[in-house]
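A quick write-up on the structure given underneath.
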Amino acid sequence: MGLEPVEFSVLGPVRVLRSGAEVVLGGPQERALLALLLVRAGQPVPLSEIVEVLWGPRAPDSAVNVVRRHVGSLRRLVEPGLPARAAGRWLARDAGGYRWAADAGSLDLLRFRRLREEAGGATPSRAVGLLTAALDLWRGPVADGLPAEVRERAGFDAVDREHLSAVREAADAALDAGVPDAVLPRLRRAAAAHPLDEPLLARLVRVLAAAGHRSEAVDVYRAVSARLADELGIDPGAELRDAHRAVLLDPVSVPPVPAQLPHDLPTFTGREAELAEVLGPLEDHSGTLLITAVDGMAGIGKTTLAVHWAHRIAGRFPDGQLYVDLRGFDPSGTAMSAGEAVRLFLDALGVPPERVPHGTQAQAALYRSMLSGRRLLVLLDNARDTDQIRPLLPGTPGCLAIVTSRRRLPSLVAAHGARTLTLRPLDAGRARAFLARRLGAARLVGEDRAIGEITELCAGLPLALACVAARAAAHPHFPLSAVAAELRAAHGSLDAFSRTDTAANVGAVFSWSLAAVSPGAARLYRLLGLHPGPDVSAAAAAALAGLPVREARRLLTELAGVHLANEHAPGRYSLHDLLRAHAAELVEAERPEDEREAAVDRLYAYFLHTSQAADRILAPHADPPPPGPPPTGVAAEPLADDREALAWLTAEYPVLLAVLDGAARSGRDRLACLLAWSLEPFFDRRGHWHDGMAAQRTALASAVKLSDPGWEARGLLGLARAEGRLGLHDRSLPRLRRALELFTALGDGPGQAQTHRSLGWECDQQGDLRGALRHNQLALELFRAQDRPAAQASVLNSVGWYHALLGQYRQALSHCFEALALLQDLGDRYGQASTWDSIAYAQHGLGRHPHALLGYHNALTLYRELGVPYLEASTLVRIGDTHLATGAPDEAEEAWREALALFTGLGHPDADEVRERLSGNAGARDLA
């Protein structure tokens with residue numbers, strides 16, 4: 001048998017749990033002795049010190065014997081089966097006293113210290129999660145409830161100060177990570193308990209302002225100032241004054257309030273009893289976290305109920321609503337990972353991509369920290385299992401999590417106290433109400449038998465009933481008995497579909513509905529079973545079916561009219577999982593393999609060629625390998641500029657990731673490599689570096705399967721770039737070196753040049769500007785040898801930029817003007833904007849301030865037209881610097897304030913540098 005688990009708590013009242021059950025401790029002296037030994041765990045506590053703590057200077061002659069009796073009692077409490085005079089597991093004699101042998105796994109104080117130590121070496125985002133976890137271990141002052149004089153003699157106040165230090169560290173990390181809400185409740189509690197602690201209160205002021213509570217931050221400063229004057233007769237110190245000044249300089253910023261719920265169904269009916277059951281617990285909701293899991297077979301209406309319920313109660317959660325379809329039972333097998341889902345939530349909560357830590361566990365910790373102290377509703381739809389949703393559950397009171405799944409989730413009940421609701425098929429009475437809501441009550445008069453038969457043939461599933469209602473609505477003069485007869489004749493026509501997890505062969509209902517549409521719509525419906533999901537545009541459907549876009553759009557509208565598709569967003573259509581499975585079985589059973597493969601080839605070619613068109617717009621210097629001609633009838637989207645390219649990539653982003661995975665799984669390895677390479681500029685522009693890393697890892701695996709060293713080198717380069725963006729330089733540098741070896745062995749000059757550029761960026765990140773310049777110069781030589789003007793223009797600007805950073809301004813201007821001429825000939829506005837910024841920086845360095853301002857304003861105009869707010873803000877900062885250098889502080893402050901507003905909106909850490917500039921400018925004016 002293993003050792004019995006025992007846990008000790010001293011951060012708050014002293015407690016002992018043995019096998020999960022609380023042990024009843026003895027009197028105050030015995031609890032005080034245990035607290036002293038726990039606080040000094042791992043160290044011997046002399047007998048004389050124990051006596052001093054328990055009695056002070058008036059210890060009785062029997063004190064030593066009493067201590068020994070307490071020691072024996074404690075041993076029996078924590079190890080009741082311990083033989084007499086045995087040493088025991090926890091309490092041992094040591095150096096003339098006693099030593100408690102707890103560790104971080106058994107004692108909350110040691111666990112707190114370990115988490116705090118880990119946070120010291122972590123990134124800000126991960127540090128927030130570690131420190132908030134550490135602070136959550138505190139339930140009050142150390143050994144709360146013991147007499148004050150005992151606590152004082154034992155020195156417990158010193159341990160309490162560790163708590164305050166951790167609160168301050170958590171506040172600093174949250175500000176650095178751009179997630180002030182994560183620590184605000186804890187910071188408020190600590191400040192209320194320590195109303196004269198200026199470092200703590202200064203952080204409260206900063207965190208309140210960063211979280212959007214600017215007026216409260218000012219009020220806190222005023223209240224602290226008054227308290228310091230009244231009680232201590234002093235003014236606030238420098239740290240508190242600086243915090244106040246930063247608030248006054250900071251523009252008002254409000255944390256985003258997500259509102260992600262799908263549209264409510266206006267014809268919701270038939271689930272009034274279930275709705276009352278889930279609404280009930282909210283009436284006595286007393287600040288705890290509520291989790292409700294709704295389960296039931298496919299098509300039973302779980303999502304409809306959950307969404308309707310969520311809309312009913314959304315007003316109770318003022319901090320917003322989060323929603324994600326986890327695709328747990330997607331017919332393509334591409335369920336969403338927990339990491340992908342939590343990153344979507346972090347994005348909705350306003351966390352910039354560069355602040356998202358690496359790894360699902362760290363991301364989930366940041367997500368829970370973001371929800372701390374807020375009231376949000378989180379709807380996790382279509383979950384596969386508890387493991388998929390565990391990282392997405394809020395960890396804070398006041399939130400509600402609604403989970404839907406085809407499976408029951410008993411572990412969610414056991415581990416998290418979730419309530420469960422299992423949806424059953426609609427009976428004839430509720431099916432009648434369902435149909436009446438869609439067809440009108442008059443249509444149902446005298447049709448009881450037909451309604452019963454329709455209900456039976458539809459297995460009481462709302463999805464199937466909706467299809468029947470749509471068919472009946474399309475023929476208002478048909479009696480329902482005729483509709484039921486048609487349905488009865490179709491029943492059983494699709495034996496294969498009976499393998500789904502429905503209670504009856506609802507595939508017959510879908511096939512019957514399909515018989516009511518045109519042959520073209522029926523063909524498109526079957527082919528949609530080949531689409532990897534989660535939704536489809538008219539253009540993608542046209543490629544899949546080999547049709548003109550206008551015809552595909554008409555057929556999709558026809559399918560939506562009979563509930564075989566759903567236009568969930570303008571121009572984008574989705575199929576319920578059951579319908580997708582039905583379509584997939586039909587196309588598998590009825591169409592030959594070569595026809596199916598040709599349809600998939602057309603679809604994938606559409607995505608690849610349009611992605612490459614977007615790539616050429618976003619990064620004209622990248623020069624991706626040609627994919628070959630598209631299949632007949634397939635053409636890339638006509639993307640005119642950056643905005644159209646970004647809009648298409650954003651709309652198709654989940655589909656593109658699914659296509660890439662589908663291509664790799666189906667043996668289309670070259671296509672997977674090409675698509676990942678084409679998507680890299682979008683990953684970088686939007687900051688989707690975690691997804692980019694996963695995509696490039698898939699592409700690298702496909703390249704290895706191809707046994708193609710050229711694609712292996714590109715895969716290594718793409719993966720290294722994504723890892724570098726995430727700060728994983730120990731991984732990215734070896735990959736870049738290996739990619740350079742492969743490109744060199746192949747004599748691939750462009751590949752070598754691109755790798756040198758990436759190595760230059762890595763040098764820049766390490767502060768090695770000369771190394772960065774050297775790698776970019778090597779890239780320039782290679783691009784010139786290959787006669788690639790777009791790539792040559794881009795790297796010319798990079799060479800010029802590094803010359804400028806090194807103070808070599810004339811060399812910088814020579815390279816940048818050469819780059820600008822090439823970029824203007826190529827029509828590359830993004831490259832022109834970057835180059836104008838470099839030129840202006842060099843002109844500023846030479847003291848040519850009017851020339852610098854002209855260059856900066858040219859860059860600013862282009863960045864605004866292109867919609868690149870980060871680079872717009874960076875240019876505004878340098879405009880302010882130049883104005884200040886010309887003796888125009890008002891113009892400088894105006895530019896910096898514009899930059900600060902942009903950086904704050906992006907949640908970018910550069911906002912802190914701009915605040916320092918504004919603060920310094922204000923200070924200079926005060927001195928003047």
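Every chain in the structure tokens has a letter given in the order shown (A, B, ...), and although residue numbers restart at 1 in each chain, ligands are simply numbered from 1 in the order shown.
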
Name all residues at most 10 Å from stretch 435-446 of chain A (count only C-alpha atoms; drop same-chain ones fewer than 5 positions away) and give them as a PyMOL selection string. chain A and resi 266-270+430+451+455+462+465-466+468-470+472-473+476-481

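Using only C-alpha atoms, the residues found no farther than 8 Å from A:Val167, other than those of its own chain fewer than 5 positions away, are Leu131, Leu135, Arg186, Leu187, Ala190 and Leu200 of chain A.
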
Pick out the residues sitting within 12 Å of A:Glu893, and hand them over as a list in words; count only C-alpha atoms, and ignore anything fewer than 6 positions along from it in its own chain.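 Within the cut-off, the hits are Leu249, Leu876, Val877, Arg878, Ile879, Gly880, Asp881, Thr882, His883, Leu884, Gly887, Ala899, Leu900, Val914, Arg915, Glu916, Arg917, Leu918, Ser919, Gly920, Asn921, Ala922 and Arg925 of chain A.
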
So which one's closest to A:Arg864, A:Arg829, A:Cys673, A:Glu913, A:Pro534? Using only C-alpha atoms, please.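 Distance minimum relative to A:Arg864 lands on A:Arg829.
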
Spatial neighbours of A:Gly718, max dist 9 Å, only C-alpha atoms, sep filter under 5 positions, as a list in words: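 Non-adjacent residues within range: Ala676, Trp677, Glu680, Gly692, Met693, Gln696, Arg697, Ala699, Leu700, Ala713 and Glu723 of chain A.
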
Let me see the file: selected residues, N, CA and C atoms, as a compact mmCIF listing (two decimals), in the first residue's frame.
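Saved to part.txt:
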# COMPACT_ATOMS: atom_id res chain seq x y z
N ALA A 676 1.52 26.17 -47.00
CA ALA A 676 2.14 26.71 -45.78
C ALA A 676 3.10 27.85 -46.12
N TRP A 677 3.87 27.70 -47.19
CA TRP A 677 4.81 28.74 -47.61
C TRP A 677 4.06 30.01 -48.01
N GLU A 680 2.65 32.16 -44.99
CA GLU A 680 3.58 32.71 -43.99
C GLU A 680 3.46 34.22 -43.83
N GLY A 692 0.95 29.44 -37.18
CA GLY A 692 1.99 29.37 -38.20
C GLY A 692 3.00 28.29 -37.88
N MET A 693 3.36 28.18 -36.60
CA MET A 693 4.31 27.15 -36.21
C MET A 693 3.73 25.75 -36.47
N GLN A 696 3.72 25.15 -40.30
CA GLN A 696 5.05 24.89 -40.83
C GLN A 696 5.58 23.53 -40.37
N ARG A 697 5.18 23.11 -39.18
CA ARG A 697 5.58 21.78 -38.73
C ARG A 697 4.94 20.70 -39.62
N ALA A 699 4.05 21.19 -42.75
CA ALA A 699 4.72 21.29 -44.04
C ALA A 699 6.08 20.61 -44.01
N LEU A 700 6.80 20.76 -42.93
CA LEU A 700 8.12 20.13 -42.82
C LEU A 700 7.97 18.60 -42.85
N ALA A 713 14.28 22.28 -46.78
CA ALA A 713 14.93 23.54 -46.39
C ALA A 713 13.89 24.63 -46.18
N GLU A 723 9.03 30.04 -34.92
CA GLU A 723 9.60 29.83 -33.59
C GLU A 723 10.35 31.07 -33.11

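The coordinates place atom CA of A:Ala619 at 6.4 Å from atom CA of A:Pro681.
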
Test item, strand (DSSP E or B) assignment across stretch 380-598 of chain A, answer as a list of chain:residue names: A:Leu380, A:Asp381, A:Asn382, A:Ala383, A:Leu400, A:Ala401, A:Ile402, A:Val403, A:Thr404, A:Ser405, A:Arg419, A:Thr420, A:Leu421, A:Thr422, A:Val536, A:Ser537, A:Asn566, A:Glu567, A:His568, A:Ala569, A:Arg572, A:Tyr573, A:Ser574

So, with only C-alpha atoms as the atoms that count, which of A:Gly771, A:Pro631, A:Gly350, A:Pro262 lies closest to A:Leu759?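 Closest candidate: A:Gly771.
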
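Distance-wise, atom CA of A:Val23 and atom CA of A:Glu52 end up 26.4 Å apart.
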
So how far away is atom CA of A:Leu261 from atom CA of A:Gly315, in Å? 12.5 Å

With only C-alpha atoms as the atoms that count, which of A:Trp100, A:Trp689, A:Phe156, A:Phe329 lies nearest to A:Arg343?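 Closest candidate: A:Trp689.
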
Residues within 9 Å of A:Ala701, please, as a VMD selection string. Count only C-alpha atoms; anything in the same chain fewer than 4 positions from it doesn't count. chain A and resid 664 669 696 to 697 705 to 706 712 715
